[in-house]
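Chemist: Dropping in structure04.cif, with mmCIF, N, CA and C atoms.
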```cif
data_upload
#
loop_
_atom_site.label_atom_id
_atom_site.label_comp_id
_atom_site.auth_asym_id
_atom_site.auth_seq_id
_atom_site.Cartn_x
_atom_site.Cartn_y
_atom_site.Cartn_z
N MET D 1 -8.10 -70.86 65.41
CA MET D 1 -9.52 -70.68 65.22
C MET D 1 -9.91 -69.21 65.29
N LEU D 2 -9.34 -68.48 66.24
CA LEU D 2 -9.68 -67.07 66.42
C LEU D 2 -8.69 -66.14 65.73
N ASP D 3 -7.69 -66.70 65.05
CA ASP D 3 -6.63 -65.88 64.47
C ASP D 3 -7.13 -64.88 63.45
N GLY D 4 -8.16 -65.19 62.69
CA GLY D 4 -8.64 -64.30 61.64
C GLY D 4 -9.57 -63.21 62.13
N LEU D 5 -9.86 -63.18 63.41
CA LEU D 5 -10.76 -62.18 63.96
C LEU D 5 -9.99 -61.02 64.57
N SER D 6 -10.61 -59.84 64.56
CA SER D 6 -10.02 -58.72 65.28
C SER D 6 -10.18 -59.01 66.78
N THR D 7 -9.49 -58.25 67.59
CA THR D 7 -9.60 -58.44 69.04
C THR D 7 -11.04 -58.26 69.49
N ARG D 8 -11.69 -57.24 68.99
CA ARG D 8 -13.08 -56.97 69.36
C ARG D 8 -13.99 -58.13 68.96
N GLN D 9 -13.81 -58.66 67.76
CA GLN D 9 -14.61 -59.78 67.30
C GLN D 9 -14.34 -61.03 68.14
N ALA D 10 -13.07 -61.29 68.44
CA ALA D 10 -12.71 -62.47 69.24
C ALA D 10 -13.33 -62.38 70.62
N VAL D 11 -13.27 -61.21 71.24
CA VAL D 11 -13.87 -61.03 72.56
C VAL D 11 -15.38 -61.24 72.49
N ALA D 12 -16.02 -60.75 71.45
CA ALA D 12 -17.47 -60.91 71.30
C ALA D 12 -17.84 -62.38 71.13
N VAL D 13 -17.05 -63.11 70.36
CA VAL D 13 -17.32 -64.53 70.14
C VAL D 13 -17.14 -65.30 71.44
N VAL D 14 -16.05 -65.04 72.16
CA VAL D 14 -15.78 -65.74 73.42
C VAL D 14 -16.84 -65.38 74.46
N ALA D 15 -17.31 -64.14 74.44
CA ALA D 15 -18.33 -63.70 75.41
C ALA D 15 -19.65 -64.43 75.21
N GLY D 16 -19.85 -65.02 74.05
CA GLY D 16 -21.06 -65.78 73.79
C GLY D 16 -21.07 -67.16 74.43
N LEU D 17 -19.93 -67.57 74.98
CA LEU D 17 -19.85 -68.87 75.66
C LEU D 17 -20.41 -68.75 77.07
N SER D 18 -20.59 -69.88 77.72
CA SER D 18 -20.98 -69.85 79.13
C SER D 18 -19.84 -69.17 79.90
N PRO D 19 -20.14 -68.60 81.07
CA PRO D 19 -19.07 -67.92 81.82
C PRO D 19 -17.85 -68.82 82.11
N ASP D 20 -18.08 -70.07 82.50
CA ASP D 20 -16.96 -70.99 82.77
C ASP D 20 -16.13 -71.23 81.51
N GLN D 21 -16.81 -71.49 80.40
CA GLN D 21 -16.10 -71.76 79.16
C GLN D 21 -15.34 -70.53 78.68
N ALA D 22 -15.97 -69.37 78.76
CA ALA D 22 -15.32 -68.13 78.32
C ALA D 22 -14.07 -67.85 79.13
N GLU D 23 -14.16 -68.05 80.43
CA GLU D 23 -13.01 -67.80 81.30
C GLU D 23 -11.86 -68.75 80.97
N VAL D 24 -12.18 -70.01 80.79
CA VAL D 24 -11.14 -71.00 80.49
C VAL D 24 -10.54 -70.76 79.11
N VAL D 25 -11.36 -70.50 78.11
CA VAL D 25 -10.84 -70.24 76.77
C VAL D 25 -9.95 -68.99 76.79
N ALA D 26 -10.38 -67.95 77.47
CA ALA D 26 -9.57 -66.73 77.53
C ALA D 26 -8.22 -66.99 78.20
N LEU D 27 -8.23 -67.71 79.30
CA LEU D 27 -6.97 -67.96 80.01
C LEU D 27 -6.06 -68.94 79.28
N ARG D 28 -6.63 -70.01 78.71
CA ARG D 28 -5.81 -71.03 78.05
C ARG D 28 -5.37 -70.59 76.67
N ILE D 29 -6.30 -70.09 75.86
CA ILE D 29 -5.99 -69.81 74.45
C ILE D 29 -5.46 -68.39 74.26
N ILE D 30 -6.13 -67.43 74.84
CA ILE D 30 -5.72 -66.04 74.62
C ILE D 30 -4.51 -65.68 75.48
N ALA D 31 -4.56 -66.00 76.78
CA ALA D 31 -3.45 -65.67 77.67
C ALA D 31 -2.31 -66.68 77.60
N GLY D 32 -2.61 -67.89 77.11
CA GLY D 32 -1.56 -68.90 76.94
C GLY D 32 -1.13 -69.60 78.21
N LEU D 33 -1.95 -69.56 79.25
CA LEU D 33 -1.60 -70.25 80.50
C LEU D 33 -1.82 -71.75 80.36
N ASP D 34 -1.08 -72.53 81.14
CA ASP D 34 -1.27 -73.98 81.07
C ASP D 34 -2.46 -74.40 81.94
N THR D 35 -2.87 -75.63 81.76
CA THR D 35 -4.06 -76.15 82.44
C THR D 35 -3.93 -76.06 83.96
N ALA D 36 -2.77 -76.41 84.48
CA ALA D 36 -2.59 -76.38 85.94
C ALA D 36 -2.73 -74.96 86.49
N ALA D 37 -2.16 -73.98 85.79
CA ALA D 37 -2.26 -72.59 86.24
C ALA D 37 -3.70 -72.10 86.21
N VAL D 38 -4.42 -72.44 85.15
CA VAL D 38 -5.83 -72.04 85.05
C VAL D 38 -6.64 -72.70 86.15
N ALA D 39 -6.39 -73.97 86.39
CA ALA D 39 -7.11 -74.69 87.45
C ALA D 39 -6.87 -74.03 88.81
N ASP D 40 -5.63 -73.68 89.09
CA ASP D 40 -5.31 -73.01 90.36
C ASP D 40 -6.01 -71.66 90.46
N MET D 41 -5.97 -70.89 89.39
CA MET D 41 -6.59 -69.56 89.40
C MET D 41 -8.09 -69.62 89.62
N LEU D 42 -8.73 -70.61 89.01
CA LEU D 42 -10.19 -70.70 89.07
C LEU D 42 -10.70 -71.59 90.18
N GLY D 43 -9.80 -72.25 90.89
CA GLY D 43 -10.22 -73.16 91.95
C GLY D 43 -10.95 -74.38 91.42
N LYS D 44 -10.54 -74.84 90.25
CA LYS D 44 -11.14 -76.02 89.61
C LYS D 44 -10.08 -77.10 89.46
N SER D 45 -10.53 -78.30 89.21
CA SER D 45 -9.59 -79.37 88.93
C SER D 45 -9.08 -79.22 87.49
N PRO D 46 -7.90 -79.76 87.20
CA PRO D 46 -7.41 -79.72 85.81
C PRO D 46 -8.39 -80.40 84.84
N GLY D 47 -9.05 -81.47 85.30
CA GLY D 47 -10.03 -82.15 84.45
C GLY D 47 -11.20 -81.25 84.11
N ALA D 48 -11.67 -80.47 85.08
CA ALA D 48 -12.78 -79.55 84.84
C ALA D 48 -12.37 -78.46 83.85
N VAL D 49 -11.12 -78.03 83.94
CA VAL D 49 -10.62 -77.02 83.01
C VAL D 49 -10.56 -77.60 81.60
N ARG D 50 -10.04 -78.81 81.47
CA ARG D 50 -9.96 -79.45 80.15
C ARG D 50 -11.36 -79.64 79.54
N ILE D 51 -12.32 -80.04 80.35
CA ILE D 51 -13.69 -80.24 79.85
C ILE D 51 -14.29 -78.91 79.40
N ALA D 52 -14.14 -77.86 80.22
CA ALA D 52 -14.68 -76.55 79.86
C ALA D 52 -14.02 -76.02 78.58
N LEU D 53 -12.71 -76.25 78.45
CA LEU D 53 -12.00 -75.83 77.25
C LEU D 53 -12.53 -76.57 76.03
N HIS D 54 -12.65 -77.88 76.14
CA HIS D 54 -13.15 -78.69 75.03
C HIS D 54 -14.55 -78.23 74.60
N ARG D 55 -15.43 -78.05 75.56
CA ARG D 55 -16.80 -77.62 75.25
C ARG D 55 -16.81 -76.21 74.65
N GLY D 56 -15.98 -75.33 75.20
CA GLY D 56 -15.92 -73.97 74.67
C GLY D 56 -15.40 -73.94 73.24
N LEU D 57 -14.34 -74.69 72.97
CA LEU D 57 -13.80 -74.73 71.61
C LEU D 57 -14.77 -75.37 70.64
N ARG D 58 -15.48 -76.39 71.10
CA ARG D 58 -16.50 -77.01 70.24
C ARG D 58 -17.60 -76.01 69.91
N ALA D 59 -18.03 -75.23 70.91
CA ALA D 59 -19.06 -74.21 70.67
C ALA D 59 -18.54 -73.14 69.72
N LEU D 60 -17.28 -72.74 69.89
CA LEU D 60 -16.71 -71.74 68.98
C LEU D 60 -16.64 -72.25 67.55
N SER D 61 -16.30 -73.52 67.40
CA SER D 61 -16.19 -74.06 66.04
C SER D 61 -17.54 -74.12 65.34
N ALA D 62 -18.63 -74.10 66.11
CA ALA D 62 -19.97 -74.10 65.53
C ALA D 62 -20.50 -72.69 65.31
N ASP D 63 -19.81 -71.68 65.82
CA ASP D 63 -20.27 -70.29 65.69
C ASP D 63 -20.17 -69.87 64.23
N PRO D 64 -21.23 -69.29 63.67
CA PRO D 64 -21.22 -68.90 62.26
C PRO D 64 -20.11 -67.90 61.91
N ARG D 65 -19.74 -67.04 62.84
CA ARG D 65 -18.66 -66.07 62.57
C ARG D 65 -17.33 -66.78 62.41
N VAL D 66 -17.10 -67.80 63.20
CA VAL D 66 -15.86 -68.57 63.11
C VAL D 66 -15.90 -69.47 61.88
N ARG D 67 -17.04 -70.07 61.60
CA ARG D 67 -17.17 -70.94 60.43
C ARG D 67 -16.94 -70.15 59.14
N ALA D 68 -17.37 -68.89 59.11
CA ALA D 68 -17.16 -68.06 57.93
C ALA D 68 -15.66 -67.85 57.70
N LEU D 69 -14.88 -67.74 58.75
CA LEU D 69 -13.44 -67.61 58.60
C LEU D 69 -12.81 -68.87 58.02
N GLU D 70 -13.32 -70.01 58.44
CA GLU D 70 -12.80 -71.29 57.93
C GLU D 70 -13.04 -71.39 56.42
N GLU D 71 -14.20 -70.92 55.98
CA GLU D 71 -14.53 -70.98 54.55
C GLU D 71 -13.63 -70.06 53.75
N VAL D 72 -13.30 -68.91 54.30
CA VAL D 72 -12.42 -67.96 53.61
C VAL D 72 -11.02 -68.52 53.47
N GLU D 73 -10.53 -69.23 54.51
CA GLU D 73 -9.20 -69.79 54.49
C GLU D 73 -9.05 -70.93 53.49
N GLN D 74 -10.13 -71.60 53.15
CA GLN D 74 -10.05 -72.75 52.25
C GLN D 74 -10.09 -72.30 50.85
#
```
What does this structure look like when you write it as structure tokens?
Modeler:
Amino acid sequence: MLDGLSTRQAVAVVAGLSPDQAEVVALRIIAGLDTAAVADMLGKSPGAVRIALHRGLRALSADPRVRALEEVEQ
């Protein structure tokens, strides 16, 4: 989803999420950590991490900057 963006653009898009969602998306997607590691780091349950990730990715998929990339790829 974020592959077509520059680092600066990706950070700006992720920064538009809620703080919890941005943190989880950054750690899971950008840093590549697993759910258990993110949960431990943030002091959250794995379920809370999965929910924040799902909501964050859903919000990103609705972002016009990300949607424009999808249209270019098709």
Chemist: Hey, which of D:Ala37, D:Gly32, D:Gln21, D:Thr7 ends up closest to Leu53 (chain D)? Count all atoms listed in the file.
Modeler: D:Gln21
Chemist: Using all atoms listed in the file, find the one residue out of D:Ala48, D:Leu60, D:Ile29, D:Leu42 that sits nearest to Val14 (chain D).
Modeler: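 Using all atoms listed in the file, Val14 (chain D) sits closest to D:Leu60.
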Chemist: Give me, please, the distance in Å between CA of Ala15 (chain D) and CA of Asp34 (chain D), quoted to one decimal.
Modeler: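 One can read the CA of Ala15 (chain D) to CA of Asp34 (chain D) distance as 20.7 Å.
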Chemist: List every residue of chain D that DSSP, applied to the backbone of this structure, assigns to alpha helix (DSSP H), and report them as a PyMOL selection string.
Modeler: chain D and resi 7-15+19-25+35-42+46-62+64-73
Chemist: For CA of Val66 (chain D) and CA of Arg8 (chain D), quote the distance in Å rounded to one decimal.
Modeler: 13.5 Å
Chemist: So what do you get for CA of Ser45 (chain D) versus CA of Asp63 (chain D), distance-wise?
Modeler: 27.1 Å
Chemist: For a quick check of understanding, using only N, CA and C atoms, which of D:Ala68, D:Val49, D:Ala59, D:Ala36 has the smallest distance to Val24 (chain D)?
Modeler: D:Val49
Chemist: May I ask which of the residues D:Arg67, D:Ala62, D:Asp40, D:Arg55 is the closest one to Val25 (chain D), counting only C-alpha atoms?
Modeler: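 Smallest distance to Val25 (chain D) is found for D:Arg55.
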Chemist: So, counting only C-alpha atoms, which residue among D:Gly56, D:Pro19, D:Gly47, D:Pro64 is closest to Thr35 (chain D)?
Modeler: D:Gly47
